[in-house]
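Q: Dropping in start_4.pdb, with PDB, C-alpha atoms, pLDDT in the B column.
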ATOM      1  CA  MET Q  41       3.830 -11.190 -36.418  1.00 65.00           C
ATOM      2  CA  ASP Q  42       4.383 -11.745 -40.104  1.00 84.00           C
ATOM      3  CA  ALA Q  43       3.930 -15.489 -40.242  1.00 87.00           C
ATOM      4  CA  PRO Q  44       2.245 -18.080 -38.036  1.00 86.00           C
ATOM      5  CA  PRO Q  45       4.564 -19.888 -35.614  1.00 83.00           C
ATOM      6  CA  GLU Q  46       5.967 -23.167 -36.889  1.00 86.00           C
ATOM      7  CA  GLU Q  47       7.251 -24.444 -33.542  1.00 87.00           C
ATOM      8  CA  ASP Q  48       5.185 -25.222 -30.439  1.00 83.00           C
ATOM      9  CA  PRO Q  49       5.734 -22.267 -28.029  1.00 81.00           C
ATOM     10  CA  ARG Q  50       4.558 -24.159 -24.924  1.00 82.00           C
ATOM     11  CA  PRO Q  51       7.047 -24.989 -22.144  1.00 83.00           C
ATOM     12  CA  GLN Q  52       8.236 -28.612 -22.017  1.00 85.00           C
ATOM     13  CA  GLU Q  53       7.243 -29.301 -18.401  1.00 87.00           C
ATOM     14  CA  LEU Q  54       3.702 -28.075 -17.740  1.00 84.00           C
ATOM     15  CA  THR Q  55       2.280 -28.751 -14.268  1.00 88.00           C
ATOM     16  CA  ALA Q  56      -1.212 -28.470 -12.828  1.00 88.00           C
ATOM     17  CA  GLN Q  57      -1.934 -26.086  -9.941  1.00 91.00           C
ATOM     18  CA  SER Q  58      -4.880 -26.463  -7.583  1.00 94.00           C
ATOM     19  CA  SER Q  59      -5.406 -22.691  -7.545  1.00 97.00           C
ATOM     20  CA  LEU Q  60      -4.147 -19.491  -9.126  1.00 98.00           C
ATOM     21  CA  VAL Q  61      -3.923 -15.808  -8.239  1.00 98.00           C
ATOM     22  CA  LEU Q  62      -4.545 -13.385 -11.100  1.00 98.00           C
ATOM     23  CA  VAL Q  63      -3.966  -9.623 -10.971  1.00 98.00           C
ATOM     24  CA  ASN Q  64      -5.503  -7.351 -13.636  1.00 98.00           C
ATOM     25  CA  THR Q  65      -3.992  -3.880 -13.458  1.00 98.00           C
ATOM     26  CA  GLY Q  66      -3.063  -0.926 -15.654  1.00 98.00           C
ATOM     27  CA  ASP Q  67      -4.649   2.287 -16.912  1.00 95.00           C
ATOM     28  CA  GLY Q  68      -6.708   0.638 -19.646  1.00 95.00           C
ATOM     29  CA  LYS Q  69     -10.267  -0.669 -19.641  1.00 93.00           C
ATOM     30  CA  GLY Q  70     -10.978  -4.331 -19.174  1.00 95.00           C
ATOM     31  CA  LYS Q  71      -9.623  -5.208 -15.728  1.00 97.00           C
ATOM     32  CA  SER Q  72     -12.994  -5.911 -14.132  1.00 95.00           C
ATOM     33  CA  THR Q  73     -14.474  -7.151 -17.389  1.00 95.00           C
ATOM     34  CA  ALA Q  74     -11.757  -9.809 -17.621  1.00 97.00           C
ATOM     35  CA  ALA Q  75     -12.409 -10.784 -13.997  1.00 98.00           C
ATOM     36  CA  PHE Q  76     -16.119 -11.188 -14.718  1.00 97.00           C
ATOM     37  CA  GLY Q  77     -15.310 -13.309 -17.750  1.00 97.00           C
ATOM     38  CA  THR Q  78     -13.362 -15.577 -15.387  1.00 98.00           C
ATOM     39  CA  MET Q  79     -16.409 -15.531 -13.096  1.00 98.00           C
ATOM     40  CA  LEU Q  80     -18.546 -16.907 -15.940  1.00 97.00           C
ATOM     41  CA  ARG Q  81     -16.042 -19.670 -16.629  1.00 98.00           C
ATOM     42  CA  ALA Q  82     -16.023 -20.625 -12.943  1.00 98.00           C
ATOM     43  CA  LEU Q  83     -19.818 -20.689 -12.820  1.00 98.00           C
ATOM     44  CA  ALA Q  84     -19.877 -22.933 -15.885  1.00 97.00           C
ATOM     45  CA  MET Q  85     -17.659 -25.366 -13.926  1.00 97.00           C
ATOM     46  CA  GLY Q  86     -20.113 -25.338 -11.009  1.00 98.00           C
ATOM     47  CA  TRP Q  87     -17.785 -23.430  -8.692  1.00 98.00           C
ATOM     48  CA  GLY Q  88     -18.963 -21.289  -5.804  1.00 98.00           C
ATOM     49  CA  VAL Q  89     -18.101 -17.663  -6.605  1.00 98.00           C
ATOM     50  CA  CYS Q  90     -17.960 -14.499  -4.513  1.00 98.00           C
ATOM     51  CA  VAL Q  91     -17.261 -10.941  -5.661  1.00 97.00           C
ATOM     52  CA  VAL Q  92     -16.184  -8.246  -3.225  1.00 96.00           C
ATOM     53  CA  GLN Q  93     -16.315  -4.946  -5.050  1.00 93.00           C
ATOM     54  CA  PHE Q  94     -14.381  -2.097  -3.463  1.00 92.00           C
ATOM     55  CA  ILE Q  95     -15.129   1.593  -4.227  1.00 73.00           C
ATOM     56  CA  LYS Q  96     -18.446   1.049  -6.033  1.00 64.00           C
ATOM     57  CA  SER Q  97     -21.458   1.696  -3.828  1.00 56.00           C
ATOM     58  CA  GLY Q  98     -24.154  -0.865  -3.131  1.00 58.00           C
ATOM     59  CA  ASP Q  99     -26.602   1.839  -4.243  1.00 64.00           C
ATOM     60  CA  TRP Q 100     -25.198   1.756  -7.773  1.00 59.00           C
ATOM     61  CA  LYS Q 101     -27.075  -0.466 -10.174  1.00 68.00           C
ATOM     62  CA  VAL Q 102     -24.347  -2.258 -12.103  1.00 77.00           C
ATOM     63  CA  GLY Q 103     -25.239  -4.810 -14.739  1.00 80.00           C
ATOM     64  CA  GLU Q 104     -22.532  -7.258 -13.688  1.00 89.00           C
ATOM     65  CA  GLN Q 105     -23.981  -7.507 -10.200  1.00 90.00           C
ATOM     66  CA  LYS Q 106     -27.531  -8.011 -11.432  1.00 90.00           C
ATOM     67  CA  MET Q 107     -26.579 -10.897 -13.697  1.00 93.00           C
ATOM     68  CA  ALA Q 108     -24.058 -12.423 -11.281  1.00 95.00           C
ATOM     69  CA  GLU Q 109     -26.605 -12.586  -8.489  1.00 95.00           C
ATOM     70  CA  GLN Q 110     -29.109 -14.216 -10.842  1.00 95.00           C
ATOM     71  CA  LEU Q 111     -26.459 -16.853 -11.515  1.00 97.00           C
ATOM     72  CA  GLY Q 112     -25.871 -17.492  -7.793  1.00 97.00           C
ATOM     73  CA  VAL Q 113     -22.795 -15.351  -7.154  1.00 98.00           C
ATOM     74  CA  ASP Q 114     -22.443 -13.856  -3.684  1.00 98.00           C
ATOM     75  CA  TRP Q 115     -21.831 -10.135  -4.261  1.00 95.00           C
ATOM     76  CA  ILE Q 116     -20.604  -7.698  -1.627  1.00 93.00           C
ATOM     77  CA  ALA Q 117     -20.380  -3.965  -2.321  1.00 89.00           C
ATOM     78  CA  ALA Q 118     -17.634  -2.582  -0.090  1.00 86.00           C
ATOM     79  CA  GLY Q 119     -17.518   1.042  -1.140  1.00 69.00           C
ATOM     80  CA  GLU Q 120     -19.255   4.364  -1.022  1.00 65.00           C
ATOM     81  CA  GLY Q 121     -18.470   5.574  -4.527  1.00 59.00           C
ATOM     82  CA  PHE Q 122     -15.729   7.753  -5.949  1.00 59.00           C
ATOM     83  CA  SER Q 123     -13.432   9.345  -3.385  1.00 56.00           C
ATOM     84  CA  TRP Q 124     -13.827  12.787  -4.970  1.00 53.00           C
ATOM     85  CA  ASP Q 125     -17.576  12.654  -4.284  1.00 61.00           C
ATOM     86  CA  SER Q 126     -17.095  11.763  -0.607  1.00 58.00           C
ATOM     87  CA  ASP Q 127     -18.171  13.947   2.290  1.00 72.00           C
ATOM     88  CA  ASN Q 128     -16.324  11.734   4.766  1.00 71.00           C
ATOM     89  CA  LEU Q 129     -13.209   9.819   3.675  1.00 75.00           C
ATOM     90  CA  ASP Q 130     -12.820   8.329   7.167  1.00 82.00           C
ATOM     91  CA  HIS Q 131     -16.229   6.689   6.706  1.00 81.00           C
ATOM     92  CA  ASP Q 132     -15.167   5.434   3.262  1.00 83.00           C
ATOM     93  CA  LYS Q 133     -11.973   4.035   4.782  1.00 86.00           C
ATOM     94  CA  ALA Q 134     -13.999   2.185   7.439  1.00 90.00           C
ATOM     95  CA  ILE Q 135     -16.293   0.730   4.738  1.00 90.00           C
ATOM     96  CA  ALA Q 136     -13.239  -0.487   2.790  1.00 91.00           C
ATOM     97  CA  GLN Q 137     -11.752  -2.099   5.911  1.00 95.00           C
ATOM     98  CA  LYS Q 138     -15.084  -3.765   6.676  1.00 95.00           C
ATOM     99  CA  GLY Q 139     -15.137  -4.983   3.062  1.00 95.00           C
ATOM    100  CA  TRP Q 140     -11.657  -6.448   3.449  1.00 97.00           C
ATOM    101  CA  ASP Q 141     -12.663  -8.171   6.697  1.00 97.00           C
ATOM    102  CA  GLU Q 142     -15.635  -9.724   4.874  1.00 97.00           C
ATOM    103  CA  ALA Q 143     -13.425 -10.671   1.915  1.00 98.00           C
ATOM    104  CA  ALA Q 144     -10.896 -12.377   4.207  1.00 98.00           C
ATOM    105  CA  ALA Q 145     -13.717 -14.312   5.895  1.00 98.00           C
ATOM    106  CA  ARG Q 146     -15.081 -15.411   2.498  1.00 98.00           C
ATOM    107  CA  ILE Q 147     -11.600 -16.395   1.288  1.00 98.00           C
ATOM    108  CA  ASN Q 148     -11.014 -18.518   4.383  1.00 98.00           C
ATOM    109  CA  SER Q 149     -14.536 -19.986   4.513  1.00 97.00           C
ATOM    110  CA  GLY Q 150     -13.941 -22.888   2.149  1.00 96.00           C
ATOM    111  CA  ASP Q 151     -17.262 -22.073   0.443  1.00 97.00           C
ATOM    112  CA  TYR Q 152     -15.796 -20.809  -2.831  1.00 98.00           C
ATOM    113  CA  ARG Q 153     -13.497 -21.860  -5.637  1.00 98.00           C
ATOM    114  CA  LEU Q 154     -13.240 -18.262  -6.940  1.00 98.00           C
ATOM    115  CA  VAL Q 155     -13.196 -14.946  -5.108  1.00 98.00           C
ATOM    116  CA  ILE Q 156     -12.858 -11.708  -7.057  1.00 98.00           C
ATOM    117  CA  LEU Q 157     -11.555  -8.639  -5.224  1.00 98.00           C
ATOM    118  CA  ASP Q 158     -12.610  -5.981  -7.705  1.00 96.00           C
ATOM    119  CA  GLU Q 159     -10.854  -2.607  -7.444  1.00 95.00           C
ATOM    120  CA  ILE Q 160      -8.957  -3.606  -4.302  1.00 97.00           C
ATOM    121  CA  THR Q 161      -5.817  -1.795  -5.451  1.00 97.00           C
ATOM    122  CA  TYR Q 162      -7.312   1.616  -4.662  1.00 94.00           C
ATOM    123  CA  PRO Q 163      -7.891   1.128  -0.913  1.00 95.00           C
ATOM    124  CA  LEU Q 164      -4.524  -0.641  -0.712  1.00 97.00           C
ATOM    125  CA  ASN Q 165      -2.693   2.249  -2.377  1.00 95.00           C
ATOM    126  CA  TRP Q 166      -4.527   4.851  -0.286  1.00 93.00           C
ATOM    127  CA  GLY Q 167      -3.632   3.074   2.964  1.00 94.00           C
ATOM    128  CA  TRP Q 168      -7.274   2.287   3.764  1.00 94.00           C
ATOM    129  CA  ILE Q 169      -6.404  -1.418   3.925  1.00 96.00           C
ATOM    130  CA  ASP Q 170      -2.995  -2.720   5.035  1.00 97.00           C
ATOM    131  CA  THR Q 171      -1.255  -4.653   2.285  1.00 97.00           C
ATOM    132  CA  GLU Q 172       0.461  -7.135   4.613  1.00 97.00           C
ATOM    133  CA  PRO Q 173      -2.691  -8.939   5.842  1.00 97.00           C
ATOM    134  CA  VAL Q 174      -3.994  -9.078   2.261  1.00 98.00           C
ATOM    135  CA  ILE Q 175      -0.792 -10.744   1.050  1.00 98.00           C
ATOM    136  CA  GLU Q 176      -0.828 -13.092   4.050  1.00 98.00           C
ATOM    137  CA  THR Q 177      -4.448 -14.092   3.384  1.00 98.00           C
ATOM    138  CA  ILE Q 178      -3.714 -14.669  -0.303  1.00 98.00           C
ATOM    139  CA  SER Q 179      -0.623 -16.729   0.513  1.00 98.00           C
ATOM    140  CA  ASN Q 180      -2.481 -18.868   3.073  1.00 98.00           C
ATOM    141  CA  ARG Q 181      -5.756 -19.289   1.159  1.00 98.00           C
ATOM    142  CA  PRO Q 182      -7.462 -22.679   0.961  1.00 97.00           C
ATOM    143  CA  GLY Q 183      -5.687 -24.919  -1.523  1.00 95.00           C
ATOM    144  CA  ASP Q 184      -8.418 -24.914  -4.180  1.00 97.00           C
ATOM    145  CA  LEU Q 185      -9.362 -21.222  -3.983  1.00 98.00           C
ATOM    146  CA  ASN Q 186      -8.585 -19.053  -6.988  1.00 98.00           C
ATOM    147  CA  LEU Q 187      -8.401 -15.276  -6.682  1.00 98.00           C
ATOM    148  CA  VAL Q 188      -8.687 -12.422  -9.158  1.00 98.00           C
ATOM    149  CA  LEU Q 189      -7.680  -8.943  -7.970  1.00 98.00           C
ATOM    150  CA  THR Q 190      -8.263  -5.837 -10.058  1.00 98.00           C
ATOM    151  CA  GLY Q 191      -7.490  -2.123 -10.147  1.00 97.00           C
ATOM    152  CA  ARG Q 192      -4.964   0.407 -11.379  1.00 97.00           C
ATOM    153  CA  ASP Q 193      -1.451   0.628  -9.965  1.00 98.00           C
ATOM    154  CA  ALA Q 194      -1.328  -2.786  -8.314  1.00 98.00           C
ATOM    155  CA  PRO Q 195       1.193  -2.705  -5.467  1.00 97.00           C
ATOM    156  CA  GLN Q 196       4.355  -4.682  -6.181  1.00 98.00           C
ATOM    157  CA  ALA Q 197       3.485  -7.074  -3.351  1.00 98.00           C
ATOM    158  CA  LEU Q 198       0.325  -8.115  -5.261  1.00 98.00           C
ATOM    159  CA  ILE Q 199       2.315  -8.602  -8.463  1.00 98.00           C
ATOM    160  CA  ASP Q 200       4.838 -10.701  -6.551  1.00 98.00           C
ATOM    161  CA  VAL Q 201       2.214 -13.039  -5.029  1.00 98.00           C
ATOM    162  CA  ALA Q 202       0.317 -13.426  -8.327  1.00 98.00           C
ATOM    163  CA  ASP Q 203       0.691 -16.376 -10.659  1.00 98.00           C
ATOM    164  CA  THR Q 204      -0.469 -14.211 -13.557  1.00 98.00           C
ATOM    165  CA  ALA Q 205      -0.348 -10.418 -13.684  1.00 98.00           C
ATOM    166  CA  THR Q 206      -1.741  -8.589 -16.690  1.00 98.00           C
ATOM    167  CA  GLU Q 207      -1.421  -4.885 -17.397  1.00 98.00           C
ATOM    168  CA  MET Q 208      -4.204  -3.354 -19.466  1.00 97.00           C
ATOM    169  CA  LYS Q 209      -2.867  -0.355 -21.371  1.00 96.00           C
ATOM    170  CA  SER Q 210      -5.067   2.473 -22.564  1.00 92.00           C
ATOM    171  CA  ILE Q 211      -4.528   3.394 -26.181  1.00 91.00           C
ATOM    172  CA  LYS Q 212      -7.683   5.475 -26.599  1.00 90.00           C
ATOM    173  CA  HIS Q 213     -10.694   6.031 -24.329  1.00 87.00           C
ATOM    174  CA  ALA Q 214     -14.030   7.698 -25.097  1.00 86.00           C
ATOM    175  CA  TYR Q 215     -14.046   9.372 -21.653  1.00 80.00           C
ATOM    176  CA  ASP Q 216     -10.925  11.346 -22.603  1.00 83.00           C
ATOM    177  CA  ARG Q 217     -13.014  12.925 -25.362  1.00 86.00           C
ATOM    178  CA  GLY Q 218     -15.776  13.829 -22.904  1.00 88.00           C
ATOM    179  CA  ILE Q 219     -18.040  10.841 -23.566  1.00 86.00           C
ATOM    180  CA  ARG Q 220     -19.819   9.517 -20.462  1.00 86.00           C
ATOM    181  CA  ALA Q 221     -19.756   5.881 -19.381  1.00 80.00           C
ATOM    182  CA  LYS Q 222     -22.437   3.943 -21.260  1.00 79.00           C
ATOM    183  CA  LYS Q 223     -24.938   1.586 -19.654  1.00 78.00           C
ATOM    184  CA  GLY Q 224     -24.564  -1.886 -21.068  1.00 77.00           C
ATOM    185  CA  ILE Q 225     -20.982  -1.206 -22.145  1.00 78.00           C
ATOM    186  CA  ASP Q 226     -19.197   0.330 -19.164  1.00 77.00           C
ATOM    187  CA  TYR Q 227     -21.531  -0.762 -16.357  1.00 70.00           C
TER     188      TYR Q 227
END
Would you put the structure from the file into structure tokens?
A:
Amino acid sequence: MDAPPEEDPRPQELTAQSSLVLVNTGDGKGKSTAAFGTMLRALAMGWGVCVVQFIKSGDWKVGEQKMAEQLGVDWIAAGEGFSWDSDNLDHDKAIAQKGWDEAAARINSGDYRLVILDEITYPLNWGWIDTEPVIETISNRPGDLNLVLTGRDAPQALIDVADTATEMKSIKHAYDRGIRAKKGIDY
């Protein structure tokens, strides 16, 4: 952009929605971070918030969880860690399905204005969770419930049901140069 816009770029007919579905996908960093930024906004509005985090183990000590719980967020770890570290993928699949069952119950409970399904795309893409009931639950959610779903390679069905879908694109990543994830920055 060479010059600032001179005309208002906003659509003529803006409407209010009682809830939105956001999908953060792509190979770049920032998908979960953006979701947790939305979490902070929701908390500032006094909303009830729940995070269901797929893949990451409840044994992991992640900074987001520590702070979110201090702020009153209900946090559910629905994973056993990275699939390549697993001794039993069937067990991991069962944990993911149990996590989805809990997520669906939380979505339908009426207790929240925001539910984040962090890294849900992985168990969907691997067939650990059926996509159809996820889409059905999203489509039939309570009228004031907002959802944020994250993870690489979001299935087209998630993109289709989303109000906003954002693709984070990696341009450069420290990990590609052999630099480990950093506490306080990456987790």
Q: When you look at Ala202 of chain Q with a cut-off of 12 Å (counting all atoms listed in the file), what residues show up, excluding the ones that are within fewer than 5 positions of it in the same chain? I need them as a PyMOL selection string.
A: chain Q and resi 59-65+175+178-179+186-190+194-197
Q: Pull C-alpha atoms from the residues just selected and write them as an mmCIF file, keeping the file's coordinate frame.
A:
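To be explicit, this is the file written out as selection06.cif:
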data_model
loop_
_atom_site.group_PDB
_atom_site.id
_atom_site.type_symbol
_atom_site.label_atom_id
_atom_site.label_comp_id
_atom_site.auth_asym_id
_atom_site.auth_seq_id
_atom_site.Cartn_x
_atom_site.Cartn_y
_atom_site.Cartn_z
ATOM 1 C CA SER Q 59 -5.406 -22.691 -7.545
ATOM 2 C CA LEU Q 60 -4.147 -19.491 -9.126
ATOM 3 C CA VAL Q 61 -3.923 -15.808 -8.239
ATOM 4 C CA LEU Q 62 -4.545 -13.385 -11.100
ATOM 5 C CA VAL Q 63 -3.966 -9.623 -10.971
ATOM 6 C CA ASN Q 64 -5.503 -7.351 -13.636
ATOM 7 C CA THR Q 65 -3.992 -3.880 -13.458
ATOM 8 C CA ILE Q 175 -0.792 -10.744 1.050
ATOM 9 C CA ILE Q 178 -3.714 -14.669 -0.303
ATOM 10 C CA SER Q 179 -0.623 -16.729 0.513
ATOM 11 C CA ASN Q 186 -8.585 -19.053 -6.988
ATOM 12 C CA LEU Q 187 -8.401 -15.276 -6.682
ATOM 13 C CA VAL Q 188 -8.687 -12.422 -9.158
ATOM 14 C CA LEU Q 189 -7.680 -8.943 -7.970
ATOM 15 C CA THR Q 190 -8.263 -5.837 -10.058
ATOM 16 C CA ALA Q 194 -1.328 -2.786 -8.314
ATOM 17 C CA PRO Q 195 1.193 -2.705 -5.467
ATOM 18 C CA GLN Q 196 4.355 -4.682 -6.181
ATOM 19 C CA ALA Q 197 3.485 -7.074 -3.351
#
Q: Do a neighbour search on segment 143-158 of chain Q at 10 Å with only C-alpha atoms, toss out local chain neighbours closer than 3 positions, and write the hits as JSON, numbers by chain.
A: {"Q": [58, 59, 60, 61, 62, 63, 64, 71, 72, 73, 75, 76, 78, 79, 82, 83, 85, 86, 87, 88, 89, 90, 91, 92, 93, 94, 95, 96, 113, 114, 115, 116, 117, 118, 137, 138, 139, 140, 161, 162, 173, 174, 177, 178, 180, 181, 182, 183, 184, 185, 186, 187, 188, 189, 190, 191]}
Q: Can you tell me how far atom CA of Ser210 of chain Q sits from atom CA of Arg192 of chain Q, in Å to one decimal?
A: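 Atom CA of Ser210 of chain Q sits 11.4 Å away from atom CA of Arg192 of chain Q.
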Q: Check the smallest atom-to-atom distance from each of Q:Val201, Q:Ala221, Q:Ala74, Q:Ala56 to Glu172 of chain Q using all atoms listed in the file, then report the winner.
A: Q:Val201
Q: Return the single residue from Q:Glu159, Q:Asp193, Q:Glu109, Q:Glu142 that is closest to Met208 of chain Q, with distances computed using all atoms listed in the file.
A: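 Result for the nearest residue to Met208 of chain Q: Q:Asp193.
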